[in-house]
Amino acid sequence: MPGLHVVSFLVVLLLQLRGNTLPNGDIYVGSFDGLVPHGPGKYMWTDGALYDGEWDKSKMTGRGLIQWPSGASYEGDFRGGFIDGAGTFKGVDGSVYKGSWRMNKKHGMGTMVYSNSDTYEGFWNEGLPDEFGKYTWADGNVYIGRWKSGKMNGSGVMQWINGDTLDCNWLNGLAHGKGYCKYASGACYIGTWDRGLKDGHGTFYQPGSKIPCNLEVSDCLTSHDGTSASSSSNEKITIGLLFLLQKLCKNWRLRRFLHRPRRISNGTTPVFDDNSGSHLCQDVSSKSFSADDQCLQDSEVDKDSVYEREYVQGVLIMEQPKNEDSRMSESGIAQENNWEKQAKGPMETIYKGHRSYYLMLNLQLGIRYTVGKITPVPLREVRSNDFGPRARIKMYFPCEGSQYTPPHYSVDFFWKDYCPMVFRNLREMFHIDAADYMMSICGGDSLKELSSPGKSGSIFYLSQDERFVIKTLRKTELKILLKMLPKYYNHVKAYDNTLITKFFGVHRITLKPGRKVRFVVMGNMFCTELRIHRKYDLKGSTQGRSTKKQNINENTTLKDLDLSYVFHVDKPWREALFRQIATFLLLFFLNILLSSFMIALDCMFLESQSIIDYSMLLGIHFRAPNHLKSITSCQNALETTGMSAETECSVALHHEETISSKGFLLVAADEPGPAVRGSHIRGSMVRAAEGGYEEVDLVLPGTGRFRVQLGVNMPARARKVQEDVNVEVENRDTIEEYDVVLYLGIIDILQEYNVSKRVEHAVKSLKFDPLSISAVDPNLYSRRFISFLEKVFPEQD
């Protein structure tokens, strides 16, 4: 660098002696075209920046070298006064970037060597790594995969220097989604990650066990020895060819033939924004999973052992040997298909050629037309004729378009929209913007279809942002919904915090020759960024209300007899769910009286409509057990620092217990800081005794802040009361307890207690206890339902 400063000093002297001093104080020496720089020349700004290169009518254009007073420099192409083309930038901190530029920012293919010796080679967009690239840390750890805005995002592979490899989906630089971790020892783990931590069910294979062959989650799987797998070869070859072409252009001076004609700049120092000087945190690359994931030593287990595991925020809470029969069924092709199914999850995006593709296009086109037609109409109170048989919008959508409909790429279809003004008002009640509604369902993204239909044969679709669920209806269900719609509307309008399913639209598509498909659009009560670890469908009956163990996976919705927890929630929240508010508390909580005993009020409404077979859909997000989290963090600290004294760990645990005994924190809702509100939720917030009977937000360390409302983001304490169905825990002192966040709502409200259900009740009563079956009188169903939930949410001692 001293030599560079000497050269710069001599150039400055030369310019002062031979150059032309401009009115603004800048100095230029070189060729002119009239009165403006044109051709080769040197330009020095008053701040000391120096450019030596080509000009085109006062604009820096072509090849050149620019040096800043700070010591940074760039040599390469300029266009229109900007760094644009191919070139090399050397930063003050010693970092070097070689590659493509656009408008003073790294854009296209390029390689960056950071000041700490980290290296990134791949694609850039607006100055940040984007699309596909390879990042190599100074310690030898490597990530190859997708990027977005400078962070690992999408499918990719991380390989540690010790030989461990993680092939996973990534989000904001952290493993997030389905993944496959292979250890240097030969063991592997297949499961799910959530924000960098294992979360949910997975399978652990000991070294020597037969593992699935088709395990690629990403398109760029790196094998154990560091070589490229076939699934990524095309993408890596593309990058290699692009780098080779760029190198050839540089060596053979071919860039003049590849660039467009040059015209450029304004004669001032380019505004150079080097926003890529930061490098990835070393902690991300150094977290090898072998130490805490394998857990079992090879000497303690058989080489052929396969274990089912369950994690909660990185803490292992369950491990058991996998059933031999299930292992046999998963061998070979069956095992590969099982992994593919897990990788795709419970849903698949509808693509062109999918069986539901044209149906999806018709649905999106119809909803876009309906919402667009009703939105300009001034909002008004719903009238009785808005519910009648004439409250319909009918339209024919030919492929070639018509006077009222646009041309489209689907098949011809007839569209019917039921009670458009009613559902428009319902969407307004739940603060759903018409444009957001259309973008969510009818935007550029496809819908997602659940991999298996419901018990009734209904097919479920999900919007890409997962805010809305679309369900196909039977004709009888449609009639029940339209029949109860006036009372439903009044009930939802009267009780802001109702737990009943929220309906936002009912439609019918008729395809030639006469095939009719009916849909209802509902709110998704599990639309949350928190992972739902358990889902339960609770009716309060016992006959047939259990799930076979071999059919259970992380996507299974469990039933009444599978529930092995009770949930202790804050006292006012329980009182808001049930009709058990003491007289003195009624006065104290007068302002939340409308949201009180919502389950009872909702059940009274359903009973008045002769509805049965409804259920409480309960979603549970587990927080990592505090004592296990403390022990794990303490052990990791001891391994890092080399401490061996057990007293150090006990002191640390005691200190943490004094800080917090829960996995969450309740803060006043009016405290500063953004809180995530539940999707399409309205009404008052519930109040917490722990928060001084004030409205509160839920703060989850490391996750975010959430608005607590009835049935949404509700923190609770889950207590395990049984290890298996109808099996009591032997030692009550060892009962497991977890901090959880609950999501709940009443679903499946379109089944009347009609003649067929009466016959079903009579037939089943001959074989089973009449009180244990689902098909019972609406009054009995309602009372049994509430009684069961009162046991699920018991009063605290």
# chains A, B, ... in the order shown; residues from 1 in each chain; ligands from 1

call {"tool": "select_by_dssp", "arguments": {"residues": "stretch 362-502 of chain A", "states": "helix (DSSP H, G or I)", "output": "JSON, numbers by chain"}}
result
{"A": [362, 363, 364, 365, 366, 367, 368, 369, 370, 371, 372, 373, 374, 384, 385, 386, 420, 421, 422, 423, 424, 425, 426, 427, 428, 429, 434, 435, 436, 437, 438, 439, 440, 441, 442, 475, 476, 477, 478, 479, 480, 481, 482, 483, 484, 485, 486, 487, 488, 489, 490, 491, 492, 493, 494]}

call {"tool": "closest_residue", "arguments": {"among": "A:Gly39, A:Met44, A:Pro398, A:Lys487", "to": "A:Lys57", "atoms": "only C-alpha atoms"}}
result
A:Gly39

call {"tool": "select_by_dssp", "arguments": {"residues": "stretch 117-156 of chain A", "states": "strand (DSSP E)", "output": "list of chain:residue names"}}
result
A:Thr119, A:Tyr120, A:Glu121, A:Gly122, A:Phe123, A:Trp124, A:Asn125, A:Leu128, A:Pro129, A:Asp130, A:Glu131, A:Phe132, A:Gly133, A:Lys134, A:Tyr135, A:Thr136, A:Val142, A:Tyr143, A:Ile144, A:Gly145, A:Arg146, A:Trp147, A:Lys148, A:Lys151, A:Met152, A:Asn153, A:Gly154, A:Ser155, A:Gly156

call {"tool": "residues_around", "arguments": {"residues": "stretch 124-135 of chain A", "least_positions_apart": "5", "cutoff": "8 Å", "atoms": "only C-alpha atoms", "output": "PyMOL selection string"}}
result
chain A and resi 102+105-110+118-119+142-151+274-276

call {"tool": "write_last_selection", "arguments": {"atoms": "C-alpha atoms", "output": "PDB file, in the first residue's frame"}}
result
ATOM      1  CA  ARG A 102     -24.375  -3.568 -12.491  1.00  0.00           C
ATOM      2  CA  LYS A 105     -23.345  -3.220  -7.248  1.00  0.00           C
ATOM      3  CA  LYS A 106     -22.226  -6.814  -7.546  1.00  0.00           C
ATOM      4  CA  HIS A 107     -24.669  -8.465  -9.909  1.00  0.00           C
ATOM      5  CA  GLY A 108     -24.288 -11.738 -11.803  1.00  0.00           C
ATOM      6  CA  MET A 109     -21.477 -14.250 -11.415  1.00  0.00           C
ATOM      7  CA  GLY A 110     -18.634 -13.405  -9.055  1.00  0.00           C
ATOM      8  CA  ASP A 118     -14.139 -16.741   3.919  1.00  0.00           C
ATOM      9  CA  THR A 119     -15.004 -17.183   0.225  1.00  0.00           C
ATOM     10  CA  VAL A 142     -18.706 -25.437   3.079  1.00  0.00           C
ATOM     11  CA  TYR A 143     -22.289 -24.616   2.062  1.00  0.00           C
ATOM     12  CA  ILE A 144     -23.510 -25.214  -1.494  1.00  0.00           C
ATOM     13  CA  GLY A 145     -27.052 -24.265  -2.343  1.00  0.00           C
ATOM     14  CA  ARG A 146     -29.655 -21.557  -2.690  1.00  0.00           C
ATOM     15  CA  TRP A 147     -29.371 -17.986  -1.430  1.00  0.00           C
ATOM     16  CA  LYS A 148     -31.689 -15.041  -1.053  1.00  0.00           C
ATOM     17  CA  SER A 149     -30.656 -11.506  -0.107  1.00  0.00           C
ATOM     18  CA  GLY A 150     -27.317 -12.647   1.268  1.00  0.00           C
ATOM     19  CA  LYS A 151     -28.624 -15.523   3.392  1.00  0.00           C
ATOM     20  CA  ASP A 274     -20.107  -1.955  -1.052  1.00  0.00           C
ATOM     21  CA  ASN A 275     -22.746  -3.618   1.101  1.00  0.00           C
ATOM     22  CA  SER A 276     -21.268  -7.087   0.859  1.00  0.00           C
TER      23      SER A 276
END

call {"tool": "closest_residue", "arguments": {"among": "A:Arg518, A:Arg63, A:Tyr396, A:Pro376", "to": "A:Thr476", "atoms": "only C-alpha atoms"}}
result
A:Arg518

call {"tool": "residues_around", "arguments": {"residues": "A:Arg534", "least_positions_apart": "6", "cutoff": "8 Å", "atoms": "only C-alpha atoms", "output": "ChimeraX atom specification"}}
result
/A:554,557-558,619-621

call {"tool": "atom_distance", "arguments": {"atom1": "atom CA of A:Ile470", "atom2": "atom CA of A:Lys539"}}
result
22.4 Å

call {"tool": "atom_distance", "arguments": {"atom1": "atom CA of A:His533", "atom2": "atom CA of A:Leu710"}}
result
19.8 Å

call {"tool": "atom_distance", "arguments": {"atom1": "atom CA of A:Leu174", "atom2": "atom CA of A:Gly196"}}
result
4.6 Å

call {"tool": "closest_residue", "arguments": {"among": "A:Ala434, A:Leu789, A:Leu462, A:Met522", "to": "A:Ile374", "atoms": "only C-alpha atoms"}}
result
A:Ala434

call {"tool": "closest_atom_pairs", "arguments": {"of": "stretch 503-577 of chain A", "to": "stretch 359-369 of chain A", "cutoff": "9 Å", "atoms": "only C-alpha atoms", "output": "tab-separated table"}}
result
residue	atom	partner	partner_atom	distance
A:Gly505	CA	A:Ile367	CA	8.8
A:His507	CA	A:Ile367	CA	8.3
A:Arg508	CA	A:Leu363	CA	8.6
A:Ile509	CA	A:Leu363	CA	7.4
A:Val517	CA	A:Leu359	CA	8.8
A:Phe519	CA	A:Leu363	CA	8.7

call {"tool": "closest_residue", "arguments": {"among": "A:Leu530, A:Ala718, A:Val667, A:Trp68", "to": "A:Val699", "atoms": "only C-alpha atoms"}}
result
A:Val667

call {"tool": "residues_around", "arguments": {"residues": "A:Glu319", "least_positions_apart": "6", "cutoff": "7 Å", "atoms": "only C-alpha atoms", "output": "ChimeraX atom specification"}}
result
/A:307-310

call {"tool": "residues_around", "arguments": {"residues": "stretch 610-612 of chain A", "least_positions_apart": "3", "cutoff": "10 Å", "atoms": "only C-alpha atoms", "output": "number ranges by chain"}}
result
A: 480, 484, 539, 603-607, 615, 748-754, 757, 774-782

call {"tool": "residues_around", "arguments": {"residues": "A:Ile532", "least_positions_apart": "4", "cutoff": "12 Å", "atoms": "only C-alpha atoms", "output": "count of residues only"}}
result
27
